[in-house]
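Data from data19.cif: mmCIF, C-alpha atoms and all ligand atoms
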```cif
data_work
#
loop_
_atom_site.group_PDB
_atom_site.id
_atom_site.type_symbol
_atom_site.label_atom_id
_atom_site.label_comp_id
_atom_site.auth_asym_id
_atom_site.auth_seq_id
_atom_site.Cartn_x
_atom_site.Cartn_y
_atom_site.Cartn_z
ATOM 1 C CA MET A 1 104.200 95.746 70.976
ATOM 2 C CA PRO A 2 103.768 91.939 70.709
ATOM 3 C CA ARG A 3 104.401 90.107 74.010
ATOM 4 C CA PHE A 4 105.620 86.574 74.562
ATOM 5 C CA PHE A 5 106.333 84.466 77.641
ATOM 6 C CA ILE A 6 109.746 82.806 77.716
ATOM 7 C CA GLN A 7 111.259 80.432 80.251
ATOM 8 C CA ALA A 8 114.827 81.763 79.955
ATOM 9 C CA ARG A 9 116.863 84.632 81.411
ATOM 10 C CA PRO A 10 119.065 86.852 79.198
ATOM 11 C CA ALA A 11 122.505 85.503 78.255
ATOM 12 C CA ASP A 12 124.990 88.102 76.947
ATOM 13 C CA GLY A 13 122.117 90.555 76.707
ATOM 14 C CA ARG A 14 120.191 88.280 74.355
ATOM 15 C CA LEU A 15 117.096 86.112 74.503
ATOM 16 C CA LEU A 16 116.085 83.315 72.168
ATOM 17 C CA ILE A 17 112.503 82.481 71.159
ATOM 18 C CA CYS A 18 111.970 78.978 69.779
ATOM 19 C CA GLY A 19 109.098 76.726 68.731
ATOM 20 C CA GLU A 20 105.549 77.912 68.060
ATOM 21 C CA ASP A 21 106.224 81.467 69.178
ATOM 22 C CA ALA A 22 109.115 81.798 66.733
ATOM 23 C CA HIS A 23 106.919 80.451 63.937
ATOM 24 C CA HIS A 24 104.117 82.846 64.942
ATOM 25 C CA ILE A 25 106.460 85.848 64.982
ATOM 26 C CA VAL A 26 107.900 85.117 61.548
ATOM 27 C CA ARG A 27 105.035 83.510 59.625
ATOM 28 C CA VAL A 28 101.957 85.166 61.186
ATOM 29 C CA LEU A 29 103.162 88.506 62.486
ATOM 30 C CA ARG A 30 105.754 88.643 59.673
ATOM 31 C CA MET A 31 108.210 90.309 62.002
ATOM 32 C CA LYS A 32 111.849 90.659 60.956
ATOM 33 C CA ALA A 33 115.211 91.958 62.200
ATOM 34 C CA GLY A 34 114.875 95.450 63.644
ATOM 35 C CA ASP A 35 111.303 94.977 64.862
ATOM 36 C CA GLU A 36 110.553 95.362 68.594
ATOM 37 C CA VAL A 37 109.021 92.729 70.902
ATOM 38 C CA THR A 38 108.457 92.394 74.661
ATOM 39 C CA LEU A 39 109.518 89.146 76.300
ATOM 40 C CA CYS A 40 108.292 88.255 79.786
ATOM 41 C CA ASP A 41 110.090 85.735 82.006
ATOM 42 C CA CYS A 42 106.896 84.526 83.773
ATOM 43 C CA ALA A 43 108.435 85.756 87.018
ATOM 44 C CA GLY A 44 107.355 89.376 86.820
ATOM 45 C CA THR A 45 110.088 90.870 84.600
ATOM 46 C CA ASP A 46 109.529 92.281 81.090
ATOM 47 C CA TYR A 47 112.366 92.643 78.577
ATOM 48 C CA ASP A 48 111.912 95.163 75.766
ATOM 49 C CA CYS A 49 113.887 93.712 72.875
ATOM 50 C CA VAL A 50 114.759 94.271 69.263
ATOM 51 C CA ILE A 51 114.862 91.294 66.901
ATOM 52 C CA GLU A 52 118.368 90.601 65.562
ATOM 53 C CA GLU A 53 117.670 87.446 63.580
ATOM 54 C CA ALA A 54 114.263 85.992 62.642
ATOM 55 C CA GLN A 55 113.891 82.399 61.389
ATOM 56 C CA THR A 56 110.758 80.223 61.605
ATOM 57 C CA ASP A 57 112.285 77.985 64.300
ATOM 58 C CA ARG A 58 114.281 80.570 66.258
ATOM 59 C CA VAL A 59 114.176 84.316 66.793
ATOM 60 C CA CYS A 60 117.212 85.941 68.433
ATOM 61 C CA CYS A 61 116.500 89.163 70.333
ATOM 62 C CA ARG A 62 118.774 91.740 71.875
ATOM 63 C CA VAL A 63 117.555 93.108 75.224
ATOM 64 C CA ARG A 64 117.260 96.890 75.220
ATOM 65 C CA SER A 65 115.737 97.354 78.677
ATOM 66 C CA GLU A 66 114.094 95.423 81.469
ATOM 67 C CA SER A 67 111.334 96.439 83.915
ATOM 68 C CA ALA A 68 108.919 94.949 86.414
ATOM 69 C CA SER A 69 105.846 93.641 84.568
ATOM 70 C CA ALA A 70 103.343 96.485 84.769
ATOM 71 C CA GLY A 71 100.463 94.016 84.507
ATOM 72 C CA GLU A 72 101.155 92.357 87.854
ATOM 73 C CA PRO A 73 99.118 93.464 90.912
ATOM 74 C CA ASP A 74 101.017 94.216 94.129
ATOM 75 C CA ILE A 75 98.848 91.843 96.165
ATOM 76 C CA GLU A 76 98.634 88.050 95.975
ATOM 77 C CA ALA A 77 95.008 86.948 95.595
ATOM 78 C CA THR A 78 94.164 83.237 95.514
ATOM 79 C CA LEU A 79 90.702 82.141 94.415
ATOM 80 C CA TYR A 80 89.378 78.926 96.012
ATOM 81 C CA MET A 81 86.501 77.978 93.716
ATOM 82 C CA ALA A 82 84.051 75.130 94.255
ATOM 83 C CA LEU A 83 83.815 73.064 91.078
ATOM 84 C CA PRO A 84 80.843 74.498 89.139
ATOM 85 C CA LYS A 85 78.753 72.692 86.531
ATOM 86 C CA ALA A 86 79.765 72.382 82.877
ATOM 87 C CA ASP A 87 82.510 74.677 81.658
ATOM 88 C CA LYS A 88 81.792 77.665 83.935
ATOM 89 C CA LEU A 89 85.198 77.265 85.581
ATOM 90 C CA GLU A 90 86.849 78.092 82.244
ATOM 91 C CA LEU A 91 85.112 81.494 82.190
ATOM 92 C CA ILE A 92 85.979 82.085 85.865
ATOM 93 C CA ILE A 93 89.647 81.253 85.186
ATOM 94 C CA GLN A 94 89.895 83.528 82.153
ATOM 95 C CA LYS A 95 88.247 86.519 83.859
ATOM 96 C CA SER A 96 90.062 86.038 87.176
ATOM 97 C CA VAL A 97 93.418 86.083 85.353
ATOM 98 C CA GLU A 98 92.449 89.326 83.634
ATOM 99 C CA LEU A 99 91.479 90.753 87.039
ATOM 100 C CA GLY A 100 94.859 89.863 88.549
ATOM 101 C CA VAL A 101 94.407 86.583 90.427
ATOM 102 C CA SER A 102 97.684 84.883 91.384
ATOM 103 C CA ARG A 103 96.457 81.314 91.845
ATOM 104 C CA ILE A 104 93.212 79.367 91.420
ATOM 105 C CA VAL A 105 92.437 76.320 93.567
ATOM 106 C CA PRO A 106 89.331 74.387 92.508
ATOM 107 C CA PHE A 107 87.815 72.330 95.316
ATOM 108 C CA VAL A 108 85.028 69.786 95.776
ATOM 109 C CA SER A 109 82.345 70.673 98.329
ATOM 110 C CA ALA A 110 79.178 68.892 99.464
ATOM 111 C CA ARG A 111 76.873 70.511 96.933
ATOM 112 C CA CYS A 112 79.177 70.322 93.890
ATOM 113 C CA VAL A 113 77.192 68.623 91.125
ATOM 114 C CA SER A 114 80.292 68.272 88.950
ATOM 115 C CA ARG A 115 82.530 65.510 90.377
ATOM 116 C CA PRO A 116 84.797 64.391 87.512
ATOM 117 C CA GLU A 117 86.760 61.224 88.234
ATOM 118 C CA GLU A 118 90.517 61.386 88.840
ATOM 119 C CA LYS A 119 91.508 60.667 85.225
ATOM 120 C CA GLY A 120 89.233 63.327 83.822
ATOM 121 C CA LEU A 121 90.475 65.870 86.343
ATOM 122 C CA ARG A 122 94.075 65.689 85.093
ATOM 123 C CA LYS A 123 93.052 66.457 81.506
ATOM 124 C CA LYS A 124 90.746 69.206 82.716
ATOM 125 C CA GLN A 125 93.520 70.752 84.819
ATOM 126 C CA GLU A 126 95.826 70.849 81.756
ATOM 127 C CA ARG A 127 93.069 72.637 79.828
ATOM 128 C CA TRP A 128 92.433 75.040 82.714
ATOM 129 C CA GLN A 129 96.151 75.870 82.869
ATOM 130 C CA ARG A 130 96.212 76.548 79.100
ATOM 131 C CA ILE A 131 93.262 78.924 79.501
ATOM 132 C CA ALA A 132 95.113 80.742 82.292
ATOM 133 C CA ALA A 133 98.247 81.063 80.120
ATOM 134 C CA GLU A 134 96.295 82.402 77.127
ATOM 135 C CA ALA A 135 94.453 84.913 79.322
ATOM 136 C CA ALA A 136 97.726 86.026 80.964
ATOM 137 C CA LYS A 137 99.310 86.597 77.555
ATOM 138 C CA GLN A 138 96.264 88.465 76.193
ATOM 139 C CA CYS A 139 95.954 90.871 79.127
ATOM 140 C CA GLY A 140 99.677 91.509 79.641
ATOM 141 C CA ARG A 141 100.338 89.709 82.911
ATOM 142 C CA GLY A 142 103.927 89.214 84.047
ATOM 143 C CA ARG A 143 103.224 85.791 85.472
ATOM 144 C CA ILE A 144 101.019 82.886 84.444
ATOM 145 C CA PRO A 145 98.695 82.144 87.393
ATOM 146 C CA GLU A 146 98.713 78.504 88.498
ATOM 147 C CA VAL A 147 95.489 76.498 88.348
ATOM 148 C CA ALA A 148 95.912 73.797 90.986
ATOM 149 C CA GLY A 149 94.373 70.327 90.998
ATOM 150 C CA ALA A 150 90.967 69.939 92.658
ATOM 151 C CA ALA A 151 91.372 69.800 96.439
ATOM 152 C CA PRO A 152 89.017 68.431 99.103
ATOM 153 C CA PHE A 153 87.081 71.157 100.945
ATOM 154 C CA ARG A 154 88.984 70.814 104.222
ATOM 155 C CA GLU A 155 92.349 71.060 102.402
ATOM 156 C CA ALA A 156 91.148 74.180 100.575
ATOM 157 C CA VAL A 157 90.117 75.756 103.898
ATOM 158 C CA ALA A 158 93.498 74.941 105.456
ATOM 159 C CA GLN A 159 95.345 76.526 102.533
ATOM 160 C CA ALA A 160 93.030 79.555 102.353
ATOM 161 C CA ALA A 161 93.453 80.240 106.069
ATOM 162 C CA ARG A 162 97.199 80.840 105.598
ATOM 163 C CA ALA A 163 96.566 84.163 103.824
ATOM 164 C CA GLY A 164 96.719 87.460 105.674
ATOM 165 C CA THR A 165 93.083 88.093 104.701
ATOM 166 C CA ALA A 166 90.999 84.910 104.293
ATOM 167 C CA LEU A 167 87.482 85.586 102.960
ATOM 168 C CA PHE A 168 84.679 83.008 102.860
ATOM 169 C CA PHE A 169 81.835 84.289 100.679
ATOM 170 C CA TYR A 170 78.668 82.983 102.263
ATOM 171 C CA GLU A 171 75.356 83.744 100.579
ATOM 172 C CA CYS A 172 73.490 83.815 103.901
ATOM 173 C CA GLU A 173 75.936 86.148 105.662
ATOM 174 C CA ARG A 174 74.098 89.251 106.815
ATOM 175 C CA GLU A 175 76.529 91.004 109.150
ATOM 176 C CA ALA A 176 79.979 91.393 107.575
ATOM 177 C CA SER A 177 80.021 93.261 104.271
ATOM 178 C CA LEU A 178 83.026 92.906 101.977
ATOM 179 C CA ARG A 179 83.645 96.636 102.270
ATOM 180 C CA SER A 180 83.771 96.533 106.065
ATOM 181 C CA VAL A 181 86.238 93.646 105.992
ATOM 182 C CA ILE A 182 88.740 94.898 103.376
ATOM 183 C CA SER A 183 88.603 98.694 103.547
ATOM 184 C CA GLY A 184 91.271 100.595 105.433
ATOM 185 C CA GLY A 185 93.608 97.666 105.957
ATOM 186 C CA ALA A 186 96.746 97.073 103.886
ATOM 187 C CA LEU A 187 95.957 93.973 101.814
ATOM 188 C CA SER A 188 98.834 91.687 100.976
ATOM 189 C CA THR A 189 97.877 88.007 100.621
ATOM 190 C CA VAL A 190 94.147 87.429 100.157
ATOM 191 C CA SER A 191 92.146 84.193 99.901
ATOM 192 C CA LEU A 192 88.692 84.285 98.347
ATOM 193 C CA MET A 193 86.539 81.159 98.784
ATOM 194 C CA VAL A 194 83.383 80.806 96.703
ATOM 195 C CA GLY A 195 80.812 78.005 96.671
ATOM 196 C CA PRO A 196 79.077 76.099 93.850
ATOM 197 C CA GLU A 197 75.621 76.674 92.375
ATOM 198 C CA GLY A 198 74.070 74.987 95.410
ATOM 199 C CA GLY A 199 75.946 77.136 97.894
ATOM 200 C CA PHE A 200 77.689 75.979 101.085
ATOM 201 C CA SER A 201 76.259 73.553 103.618
ATOM 202 C CA LEU A 202 75.943 74.726 107.229
ATOM 203 C CA GLU A 203 78.604 72.193 108.171
ATOM 204 C CA GLU A 204 81.022 73.730 105.642
ATOM 205 C CA VAL A 205 80.275 77.222 106.956
ATOM 206 C CA GLY A 206 81.191 76.028 110.449
ATOM 207 C CA GLN A 207 84.362 74.305 109.225
ATOM 208 C CA ALA A 208 85.467 77.394 107.314
ATOM 209 C CA GLN A 209 84.941 79.700 110.283
ATOM 210 C CA GLU A 210 86.638 77.280 112.683
ATOM 211 C CA GLY A 211 89.479 77.078 110.159
ATOM 212 C CA GLY A 212 90.014 80.838 110.433
ATOM 213 C CA LEU A 213 88.179 82.157 107.377
ATOM 214 C CA LYS A 214 86.001 85.267 107.720
ATOM 215 C CA SER A 215 82.394 84.888 106.515
ATOM 216 C CA VAL A 216 81.628 87.812 104.221
ATOM 217 C CA SER A 217 78.594 89.035 102.283
ATOM 218 C CA LEU A 218 78.535 90.320 98.706
ATOM 219 C CA GLY A 219 75.261 92.173 99.376
ATOM 220 C CA ARG A 220 71.595 91.140 99.540
ATOM 221 C CA ARG A 221 71.406 89.825 95.996
ATOM 222 C CA ILE A 222 72.389 86.191 95.371
ATOM 223 C CA LEU A 223 75.129 86.183 92.713
ATOM 224 C CA ARG A 224 75.670 83.185 90.454
ATOM 225 C CA CYS A 225 78.738 81.100 91.226
ATOM 226 C CA GLU A 226 80.408 82.483 88.106
ATOM 227 C CA THR A 227 79.583 86.106 89.045
ATOM 228 C CA ALA A 228 80.550 86.048 92.737
ATOM 229 C CA PRO A 229 84.305 85.345 92.371
ATOM 230 C CA LEU A 230 84.706 88.043 89.705
ATOM 231 C CA ALA A 231 82.813 90.660 91.707
ATOM 232 C CA ALA A 232 84.791 89.798 94.843
ATOM 233 C CA LEU A 233 88.135 89.827 93.050
ATOM 234 C CA ALA A 234 87.365 93.129 91.341
ATOM 235 C CA ALA A 235 86.469 94.678 94.709
ATOM 236 C CA VAL A 236 89.696 93.420 96.326
ATOM 237 C CA MET A 237 91.774 94.689 93.384
ATOM 238 C CA TYR A 238 89.995 98.047 93.485
ATOM 239 C CA GLU A 239 90.420 98.440 97.249
ATOM 240 C CA SER A 240 94.136 97.613 96.991
ATOM 241 C CA GLY A 241 94.694 100.094 94.158
ATOM 242 C CA ASN A 242 95.191 97.434 91.488
ATOM 243 C CA LEU A 243 92.135 98.328 89.423
HETATM 244 N N1 LIG A 301 72.267 78.247 95.851
HETATM 245 C C1 LIG A 301 72.516 79.438 96.669
HETATM 246 C C2 LIG A 301 73.433 80.411 95.960
HETATM 247 C C3 LIG A 301 74.800 79.938 95.707
HETATM 248 S S1 LIG A 301 75.685 81.140 94.785
HETATM 249 C C4 LIG A 301 71.196 80.144 96.921
HETATM 250 O O1 LIG A 301 70.400 80.195 95.970
HETATM 251 O O2 LIG A 301 71.073 80.699 98.011
HETATM 252 C C5 LIG A 301 77.266 80.452 94.680
HETATM 253 C C6 LIG A 301 78.289 81.066 95.635
HETATM 254 O O3 LIG A 301 78.503 82.431 95.331
HETATM 255 C C7 LIG A 301 77.920 81.045 97.086
HETATM 256 O O4 LIG A 301 78.187 79.810 97.702
HETATM 257 C C8 LIG A 301 78.794 82.152 97.638
HETATM 258 O O5 LIG A 301 80.129 81.672 97.808
HETATM 259 C C9 LIG A 301 78.775 83.168 96.522
HETATM 260 N N2 LIG A 301 77.743 84.194 96.707
HETATM 261 C C10 LIG A 301 76.694 84.431 95.883
HETATM 262 N N3 LIG A 301 75.967 85.478 96.326
HETATM 263 C C11 LIG A 301 76.558 85.897 97.476
HETATM 264 C C12 LIG A 301 76.283 86.938 98.416
HETATM 265 N N4 LIG A 301 75.248 87.770 98.244
HETATM 266 N N5 LIG A 301 77.102 87.083 99.489
HETATM 267 C C13 LIG A 301 78.163 86.242 99.663
HETATM 268 N N6 LIG A 301 78.487 85.250 98.803
HETATM 269 C C14 LIG A 301 77.693 85.076 97.720
#
```
Written as structure tokens, that's how I'd like the structure from this file.
Ligand code: SAH
Amino acid sequence: MPRFFIQARPADGRLLICGEDAHHIVRVLRMKAGDEVTLCDCAGTDYDCVIEEAQTDRVCCRVRSESASAGEPDIEATLYMALPKADKLELIIQKSVELGVSRIVPFVSARCVSRPEEKGLRKKQERWQRIAAEAAKQCGRGRIPEVAGAAPFREAVAQAARAGTALFFYECEREASLRSVISGGALSTVSLMVGPEGGFSLEEVGQAQEGGLKSVSLGRRILRCETAPLAALAAVMYESGNL
């Protein structure tokens, strides 16, 4: 059943779709009165609806039932991702949303090669947010994960440390395995911090640990900066029963 995000709540048991989505429903999907559609309020609730009136600029739907969005994980995972080169972050955003990430916070660390200037960052962030919305719609999420603006490393550490489980993925970590850190415990809010192609500096490792993050290994192989966050997120989602 086609799925659309809406920003409204039902009024008199009805929901209205306007703009591009209305045009898409009528002109592309060629849907009409009597057809069924799922509308999601971006806050974790799905409304199964039947179309009552379909015009290219507005589609009126009657709500038949509502339920918690099945596509939402029951943990809140935030990915803190060092700005990688080129457009790798776009792939990381798309795949992290499919895997259930709740929020993505890009940050600038010492070895980030990509340091776009302020102006460029705003346009990039709008594009990153669009990618997150498209991925959320495609995979059936109940919320659209936020992609925050690029933060300085210390600010990212401070935010990441607020989570119940704050993981700092360090490529030279040899003691703590991800499994030993996340298995057995009830995960609720999880931060995952991943470095750029050049890895983390020793100073950053110290700052992260002093800030309360737990240095964790993803095994003896060195994963690329676009592989590591996805592997880590998949493991956290698996361990918490969300995959
Ligand atoms: N340039 C570094 C690798 C950086 S990989 C080197 O060649 O040693 C980019 C990021 O992915 C790292 O900063 C880390 O956050 C994560 N990562 C990659 N492999 C990892 C591993 N085996 N254990 C923990 N984190 C890893």
task = Show me which residues sit within 7 Å of ligand LIG 301 (chain A) when counting all atoms listed in the file, and put them as a PyMOL selection string.
result = chain A and resi 168-173+193-200+216-225+228
Keeping C-alpha atoms for every residue in the selection just given, could you write it to a file as a short mmCIF file (atom, residue, chain, number, x, y, z; two decimals), keeping the file's coordinate frame?
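What ended up in selection17.cif:
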```cif
data_model
loop_
_atom_site.label_atom_id
_atom_site.label_comp_id
_atom_site.auth_asym_id
_atom_site.auth_seq_id
_atom_site.Cartn_x
_atom_site.Cartn_y
_atom_site.Cartn_z
CA PHE A 168 84.68 83.01 102.86
CA PHE A 169 81.83 84.29 100.68
CA TYR A 170 78.67 82.98 102.26
CA GLU A 171 75.36 83.74 100.58
CA CYS A 172 73.49 83.82 103.90
CA GLU A 173 75.94 86.15 105.66
CA MET A 193 86.54 81.16 98.78
CA VAL A 194 83.38 80.81 96.70
CA GLY A 195 80.81 78.00 96.67
CA PRO A 196 79.08 76.10 93.85
CA GLU A 197 75.62 76.67 92.38
CA GLY A 198 74.07 74.99 95.41
CA GLY A 199 75.95 77.14 97.89
CA PHE A 200 77.69 75.98 101.08
CA VAL A 216 81.63 87.81 104.22
CA SER A 217 78.59 89.04 102.28
CA LEU A 218 78.54 90.32 98.71
CA GLY A 219 75.26 92.17 99.38
CA ARG A 220 71.60 91.14 99.54
CA ARG A 221 71.41 89.82 96.00
CA ILE A 222 72.39 86.19 95.37
CA LEU A 223 75.13 86.18 92.71
CA ARG A 224 75.67 83.18 90.45
CA CYS A 225 78.74 81.10 91.23
CA ALA A 228 80.55 86.05 92.74
#
```
key: Nearest-residue call for Thr189 of chain A, choices A:Ile75, A:Ala54, A:Ile144, A:Ala82, using all atoms listed in the file   =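 Looking at the shortest contact to Thr189 of chain A, the residue is A:Ile75.
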ask   = Which is closer to Thr45 of chain A than all the others in A:Ile6, A:Leu29, A:Leu192, A:Cys61, using only C-alpha atoms?
value =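 Closest candidate: A:Ile6.
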key: Selection result of the PyMOL selection byres (((chain A and resi 190) around 9) and not hetatm) on this file, as a VMD selection string   = chain A and resid 75 to 79 160 163 to 167 187 to 189 191 to 192 236
ask   = Which polymer residues have any atom within 8 Å of an atom of His23 of chain A, counting all atoms listed in the file, with same-chain residues fewer than 5 positions away left out, as a PyMOL selection string?
value = chain A and resi 18+28+55-58
Would you save the residues from that selection as a PDB file, in the coordinates of the input, using C-alpha atoms?
```pdb
ATOM      1  CA  CYS A  18     111.970  78.978  69.779  1.00  0.00           C
ATOM      2  CA  VAL A  28     101.957  85.166  61.186  1.00  0.00           C
ATOM      3  CA  GLN A  55     113.891  82.399  61.389  1.00  0.00           C
ATOM      4  CA  THR A  56     110.758  80.223  61.605  1.00  0.00           C
ATOM      5  CA  ASP A  57     112.285  77.985  64.300  1.00  0.00           C
ATOM      6  CA  ARG A  58     114.281  80.570  66.258  1.00  0.00           C
TER       7      ARG A  58
END
```
ask   = What is the distance between atom CA of Leu83 of chain A and atom CA of Ala133 of chain A, in Å to one decimal?
value = 19.8 Å
query = Could you state the separation of atom CA of Asp48 of chain A and atom CA of Glu36 of chain A in Å, given to one decimal place?
reply =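 Between these atoms lies a distance of 7.3 Å.
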Need a file for segment 69-151 of chain A from that block: C-alpha atoms, written as a CSV table (one decimal), in the first residue's frame.
```
chain,number,residue,atom,x,y,z
A,69,SER,CA,4.6,2.7,12.8
A,70,ALA,CA,5.9,-0.8,12.5
A,71,GLY,CA,9.1,0.5,10.8
A,72,GLU,CA,10.4,2.3,13.9
A,73,PRO,CA,13.0,0.6,16.1
A,74,ASP,CA,12.4,0.6,19.9
A,75,ILE,CA,15.8,2.1,20.6
A,76,GLU,CA,17.1,5.6,19.8
A,77,ALA,CA,20.4,5.3,18.0
A,78,THR,CA,22.3,8.5,17.0
A,79,LEU,CA,25.2,8.3,14.6
A,80,TYR,CA,28.0,10.9,15.1
A,81,MET,CA,29.9,10.7,11.8
A,82,ALA,CA,33.1,12.5,11.0
A,83,LEU,CA,32.7,14.3,7.6
A,84,PRO,CA,34.1,11.9,5.0
A,85,LYS,CA,35.4,12.8,1.6
A,86,ALA,CA,33.2,13.4,-1.5
A,87,ASP,CA,29.6,12.2,-1.3
A,88,LYS,CA,30.2,9.2,1.0
A,89,LEU,CA,28.0,10.8,3.7
A,90,GLU,CA,25.0,10.6,1.4
A,91,LEU,CA,25.4,6.8,1.2
A,92,ILE,CA,25.9,6.6,5.0
A,93,ILE,CA,22.8,8.6,5.6
A,94,GLN,CA,20.6,6.5,3.2
A,95,LYS,CA,21.8,3.2,4.6
A,96,SER,CA,21.7,4.3,8.3
A,97,VAL,CA,18.0,5.4,7.8
A,98,GLU,CA,17.2,2.0,6.4
A,99,LEU,CA,18.9,0.4,9.4
A,100,GLY,CA,16.9,2.5,11.9
A,101,VAL,CA,19.0,5.4,12.9
A,102,SER,CA,17.1,8.1,14.8
A,103,ARG,CA,19.5,11.1,14.2
A,104,ILE,CA,22.7,11.7,12.3
A,105,VAL,CA,25.2,14.3,13.6
A,106,PRO,CA,28.1,15.0,11.2
A,107,PHE,CA,31.2,16.5,12.9
A,108,VAL,CA,34.6,17.9,11.9
A,109,SER,CA,37.6,16.1,13.4
A,110,ALA,CA,41.4,16.7,13.0
A,111,ARG,CA,41.8,14.3,10.1
A,112,CYS,CA,38.7,15.3,8.1
A,113,VAL,CA,39.9,16.1,4.6
A,114,SER,CA,36.4,17.5,3.7
A,115,ARG,CA,36.0,20.9,5.4
A,116,PRO,CA,33.2,22.7,3.4
A,117,GLU,CA,32.8,26.4,4.3
A,118,GLU,CA,29.8,27.6,6.3
A,119,LYS,CA,27.7,28.6,3.2
A,120,GLY,CA,28.3,25.2,1.5
A,121,LEU,CA,27.4,23.3,4.6
A,122,ARG,CA,23.9,24.8,4.8
A,123,LYS,CA,23.1,23.6,1.2
A,124,LYS,CA,24.7,20.3,1.9
A,125,GLN,CA,22.6,19.8,5.1
A,126,GLU,CA,19.4,20.5,3.1
A,127,ARG,CA,20.4,17.8,0.6
A,128,TRP,CA,21.4,15.4,3.4
A,129,GLN,CA,18.0,15.9,5.0
A,130,ARG,CA,16.2,15.3,1.7
A,131,ILE,CA,18.1,12.0,1.3
A,132,ALA,CA,17.1,11.0,4.8
A,133,ALA,CA,13.4,11.8,4.0
A,134,GLU,CA,13.5,9.8,0.8
A,135,ALA,CA,15.1,6.8,2.5
A,136,ALA,CA,12.6,7.0,5.4
A,137,LYS,CA,9.7,6.9,2.9
A,138,GLN,CA,11.2,4.1,0.8
A,139,CYS,CA,11.9,1.8,3.8
A,140,GLY,CA,8.7,2.5,5.7
A,141,ARG,CA,10.0,4.4,8.7
A,142,GLY,CA,7.5,6.2,10.9
A,143,ARG,CA,9.7,9.2,11.5
A,144,ILE,CA,12.1,11.1,9.3
A,145,PRO,CA,15.5,11.0,11.0
A,146,GLU,CA,17.1,14.4,11.5
A,147,VAL,CA,20.5,15.2,9.9
A,148,ALA,CA,22.0,17.9,12.1
A,149,GLY,CA,24.5,20.6,11.0
A,150,ALA,CA,28.2,19.8,11.2
A,151,ALA,CA,29.4,20.1,14.8
```
